[in-house]
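To keep things clear, I will list the structure first and then write my remarks on it.
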Amino acid sequence: MTREPPATNEGWYALHDFRTVDWDAWRDAPQRERDAALDAGVSFLRERVDVTDAEDGSSAVFSMLGHKADLLVIHFRPTMADLDTAERAFEDTAFAEYTDQTNSYVSVTEVGGYTSEEMTKEPSEIEDTGLARYAESKLYPEIPDSEFVCFYPMDKRREPGENWYDLPFDERAEMMDAHGEIGKTYAGQVSQVISGSIGFDDYEWGVDLFSNDPTHIKDLLYELRFDESSSKYAEFGPFYFGRQFEPEDLPAFMAGEAVPADESADADSSGHPHGEGGHHGDDGGHHGHGDSEGHGDGHHHGDDGGHDHDSDDADDSGNIRGELEDLDIYAGQPHGEDVYAMVLYSEADTDELFEEVDGLRGNFEHYDTHVKTAVYQTKEASDRDRSAVVSIWETQSAADTAGGFLADLPGIVARAGEESGFGTMGMFYTVKPEHREDFVEKFDTVGGVLEGMDGHLETDLLANCEDENDMFIASQWESKEDAMTFFRSDDFADTVDWGRDVLADRPRHVFLA
């Protein structure tokens, strides 16, 4: 019998560096030596989290619970040499003298071809935009900002009568698909990174699960235990569980204080440990729809931030919000700074698109972090026959994960902010029903002004398919300054004043630089 292995494609290399602290040596050390060690430790961790040691990648540090380790530092880097350098650089710090490396795991992120051989191509060679983004996010993951992490290695069983590698390809693929269907129900709650380790370490795969609620991780893994691909063919190594904290909190960690050190200042409304942003943008994956051989069909989604702009533009966007605030214009996330928007455009038939979105929304609504998901359609007179899918969540990781599922919708052509130039969105124009026609006419008037402005590329008015009074405006500009020129104009100020009388809720401006 010919045994058919799935094709795979590999991305970034991964190192899980587990450390225990020599607490006796730490307590006995003079204060000046401990201070110097902490300075060195914070500096090392901050430089790795900021990825100053390589062209690309992602790192994070975690406080581990239980006896297996005290600290975990996770690195994803483009080359094995980058991992080697990071590991040895830590050993060269004064802080490392008070730690022992009690365990480690070496692997490489991968995607496999169980559900689609297209997935095993380089993302730049995949024609389907959603599929390309999905593959890229799995190969080059950003560590989510989620508070909790669970890491474990695993194998596929090779026992008489229960040998995964003796099964026909189609049978394995069918089980992987069923495995993934379970994971889909945890969209927005659990993110994952899967990496292959055959030849690199003692097991065949390593799995990272991230969540802001530890019971979500437990519930997911418990449910998957009953899936045939796990119940009959999965074997697991040790499980490690920890909490993420910022490098600057290392002194608090070593002092036995709470980390993050100041949750009242840094936590967002969901208990997220690091405020609004991610380390490098988002993370986002979701356990259970990926193509890796060992762990099911698990989507790892979301290299797009919940702010709808690239992480490199985060400071720029913050400056924009501040500048608009000086003009008495609100410029935050929809409904406030504690929610995150994911917006994608589709050229599919609106009815077909809505049916697909409605099915996903049924799953999304099971989660407390979900605020709203809807389909918006451009006006009939628009030159661009496309719809927008808007999904609003209370946490960035949830928005990113949802975005990964939404990216697989039919006809997806662009994610907001991907087009050239600089984009803005005026969201949640909830119009009083008696003023809807007036609002549309006002948009046409403002649209005429925009067409004559330097740097303006296009502007669309889109309305919710289920509520014609719920709208948003999407604009594209050649540059930030071109957009700001409009926001500073008397025409825009007059429009804002006029809107106070016709809108049931104030608009929010979201920047997509």
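Chain labels run A, B, ... following the order of the structure tokens; each chain numbers its residues from 1, and ligands are numbered from 1 in the order shown.
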
field: Shell around A:Leu209 at 10 Å using only C-alpha atoms, local window under 5 positions removed, as a list in words
entry: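 Using only C-alpha atoms, the neighbours found are Pro144, Ser146, Phe148, Val149, Cys150, Phe151, Tyr152, Val190, Ser191, Gln192, Val193, Ile194, Pro214, His216, Ile217, Leu220, Leu221, Phe241, Gly285, His286 and His287 of chain A.
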
Per-residue nearest contacts stretch 155-256 of chain A to stretch 105-122 of chain A, cut-off 12 Å, using only C-alpha atoms, as a Markdown table:
| residue | atom | partner | partner_atom | distance |
| --- | --- | --- | --- | --- |
| A:Pro168 | CA | A:Tyr114 | CA | 11.7 |
| A:Phe169 | CA | A:Tyr114 | CA | 8.1 |
| A:Asp170 | CA | A:Tyr114 | CA | 8.4 |
| A:Glu171 | CA | A:Tyr114 | CA | 10.2 |
| A:Arg172 | CA | A:Tyr114 | CA | 7.9 |
| A:Ala173 | CA | A:Tyr114 | CA | 5.2 |
| A:Glu174 | CA | A:Tyr114 | CA | 8.6 |
| A:Met175 | CA | A:Tyr114 | CA | 9.9 |
| A:Met176 | CA | A:Tyr114 | CA | 7.6 |
| A:Asp177 | CA | A:Thr115 | CA | 7.5 |
| A:Ala178 | CA | A:Thr115 | CA | 11.3 |
| A:Gly180 | CA | A:Thr115 | CA | 10.5 |
| A:Gln192 | CA | A:Thr109 | CA | 11.1 |
| A:Val193 | CA | A:Thr109 | CA | 7.5 |
| A:Ile194 | CA | A:Thr109 | CA | 6.0 |
| A:Ser195 | CA | A:Thr109 | CA | 3.9 |
| A:Gly196 | CA | A:Val108 | CA | 5.3 |
| A:Ser197 | CA | A:Ser107 | CA | 4.3 |
| A:Ile198 | CA | A:Ser107 | CA | 7.9 |
| A:Gly199 | CA | A:Ser107 | CA | 8.9 |
| A:Phe200 | CA | A:Val106 | CA | 5.9 |
| A:Asp201 | CA | A:Val106 | CA | 5.9 |
| A:Asp202 | CA | A:Tyr105 | CA | 8.5 |
| A:Tyr203 | CA | A:Tyr105 | CA | 9.2 |
| A:Glu204 | CA | A:Ser107 | CA | 8.8 |
| A:Trp205 | CA | A:Ser107 | CA | 7.4 |
| A:Gly206 | CA | A:Ser107 | CA | 7.0 |
| A:Val207 | CA | A:Thr109 | CA | 9.9 |
| A:Asp208 | CA | A:Thr109 | CA | 10.9 |
| A:Gly237 | CA | A:Tyr105 | CA | 11.4 |
| A:Pro238 | CA | A:Tyr105 | CA | 11.5 |
| A:Tyr240 | CA | A:Tyr105 | CA | 11.8 |

Export of the given selection (N, CA and C atoms) as a CSV table (one decimal), in the first residue's frame:
chain,number,residue,atom,x,y,z
A,168,PRO,N,-5.2,5.6,4.9
A,168,PRO,CA,-5.3,6.2,3.6
A,168,PRO,C,-5.4,7.7,3.7
A,169,PHE,N,-4.9,8.5,2.8
A,169,PHE,CA,-4.8,9.9,2.8
A,169,PHE,C,-6.3,10.5,3.0
A,170,ASP,N,-7.2,10.0,2.2
A,170,ASP,CA,-8.6,10.5,2.3
A,170,ASP,C,-9.2,10.4,3.7
A,171,GLU,N,-8.9,9.2,4.4
A,171,GLU,CA,-9.4,9.0,5.7
A,171,GLU,C,-8.8,10.0,6.7
A,172,ARG,N,-7.5,10.2,6.6
A,172,ARG,CA,-6.8,11.2,7.5
A,172,ARG,C,-7.4,12.6,7.2
A,173,ALA,N,-7.6,12.9,6.0
A,173,ALA,CA,-8.1,14.3,5.6
A,173,ALA,C,-9.5,14.5,6.2
A,174,GLU,N,-10.3,13.4,6.1
A,174,GLU,CA,-11.7,13.5,6.6
A,174,GLU,C,-11.7,13.8,8.2
A,175,MET,N,-10.8,13.1,8.9
A,175,MET,CA,-10.7,13.3,10.3
A,175,MET,C,-10.2,14.7,10.6
A,176,MET,N,-9.3,15.1,9.8
A,176,MET,CA,-8.7,16.5,10.1
A,176,MET,C,-9.9,17.5,9.9
A,177,ASP,N,-10.7,17.3,8.9
A,177,ASP,CA,-11.8,18.2,8.7
A,177,ASP,C,-12.8,18.3,9.8
A,178,ALA,N,-13.1,17.1,10.4
A,178,ALA,CA,-14.0,17.0,11.5
A,178,ALA,C,-13.4,17.6,12.7
A,180,GLY,N,-11.3,20.1,12.7
A,180,GLY,CA,-11.4,21.5,12.5
A,180,GLY,C,-12.8,22.1,12.8
A,192,GLN,N,-4.3,29.9,18.1
A,192,GLN,CA,-3.3,28.8,18.1
A,192,GLN,C,-2.1,29.1,17.2
A,193,VAL,N,-1.0,28.5,17.5
A,193,VAL,CA,0.1,28.4,16.6
A,193,VAL,C,0.6,26.9,16.6
A,194,ILE,N,0.7,26.3,15.4
A,194,ILE,CA,1.1,25.0,15.3
A,194,ILE,C,2.5,24.9,14.6
A,195,SER,N,3.4,24.2,15.1
A,195,SER,CA,4.7,24.1,14.5
A,195,SER,C,5.1,22.6,14.4
A,196,GLY,N,5.8,22.3,13.4
A,196,GLY,CA,6.3,20.9,13.2
A,196,GLY,C,7.7,20.8,13.8
A,197,SER,N,8.0,19.6,14.3
A,197,SER,CA,9.3,19.4,15.0
A,197,SER,C,9.9,18.1,14.7
A,198,ILE,N,9.4,17.4,13.7
A,198,ILE,CA,10.0,16.1,13.3
A,198,ILE,C,11.5,16.3,12.9
A,199,GLY,N,12.4,15.7,13.6
A,199,GLY,CA,13.8,15.9,13.4
A,199,GLY,C,14.4,17.0,14.2
A,200,PHE,N,13.6,17.8,14.8
A,200,PHE,CA,14.1,19.0,15.6
A,200,PHE,C,14.0,18.7,17.1
A,201,ASP,N,13.0,17.9,17.5
A,201,ASP,CA,12.8,17.7,18.9
A,201,ASP,C,12.1,16.3,19.2
A,202,ASP,N,11.8,16.1,20.4
A,202,ASP,CA,11.4,14.7,20.8
A,202,ASP,C,10.0,14.3,20.3
A,203,TYR,N,9.1,15.3,20.0
A,203,TYR,CA,7.8,15.0,19.5
A,203,TYR,C,7.7,15.5,18.1
A,204,GLU,N,6.5,15.3,17.5
A,204,GLU,CA,6.3,15.6,16.1
A,204,GLU,C,5.8,17.0,15.8
A,205,TRP,N,5.0,17.5,16.8
A,205,TRP,CA,4.5,18.9,16.7
A,205,TRP,C,4.5,19.6,18.0
A,206,GLY,N,4.5,20.9,18.0
A,206,GLY,CA,4.3,21.7,19.2
A,206,GLY,C,3.1,22.6,18.9
A,207,VAL,N,2.3,22.8,20.0
A,207,VAL,CA,1.0,23.5,19.9
A,207,VAL,C,1.0,24.6,21.0
A,208,ASP,N,0.7,25.8,20.5
A,208,ASP,CA,0.5,26.9,21.5
A,208,ASP,C,-0.9,27.4,21.4
A,237,GLY,N,2.6,15.2,25.1
A,237,GLY,CA,3.7,15.3,26.0
A,237,GLY,C,3.2,16.2,27.2
A,238,PRO,N,4.1,16.8,27.9
A,238,PRO,CA,3.7,17.6,29.1
A,238,PRO,C,3.1,18.9,28.7
A,240,TYR,N,2.2,22.9,29.6
A,240,TYR,CA,2.7,24.0,30.3
A,240,TYR,C,1.7,25.1,30.2

field: A:Leu65 environment, 8 Å, only C-alpha atoms, sequence neighbours closer than 2 positions dropped, as an MDAnalysis selection string
entry: chainID A and resid 63 67:70 240:243

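Closest approach to A:Ala398 among A:Glu246, A:Glu159, A:Glu10, A:Asp213 is made by A:Asp213 (distances from only C-alpha atoms).
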
message: Calculated over only C-alpha atoms, which of the candidates A:Thr79, A:Thr430, A:Gln377, A:Ser475 has the smallest distance to A:Leu450?
response: A:Ser475

- prompt: atom CA of A:Leu457 and atom CA of A:Gln476, how far apart in Å?
  reply: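 Taking atom CA of A:Gln476 and atom CA of A:Leu457, their separation equals 5.4 Å.
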
query: Which is closer to A:Met471 than all the others in A:Gly426, A:Pro433, A:Gly256, A:Gly499, using only C-alpha atoms?
result: A:Gly426

- request: Could you tell me which of A:Asp100, A:Lys232, A:Gly448, A:Glu142 comes closest to A:Pro160 if we count only C-alpha atoms?
  value: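 Looking at the shortest contact to A:Pro160, the residue is A:Lys232.
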
- request: May I ask for the distance between atom CA of A:Gln396 and atom CA of A:Lys480, given in Å to one decimal place?
  value: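 It comes out at 23.7 Å.
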
- prompt: In Å to one decimal, how far is atom CA of A:Asn103 from atom CA of A:Phe18?
  reply: 5.1 Å
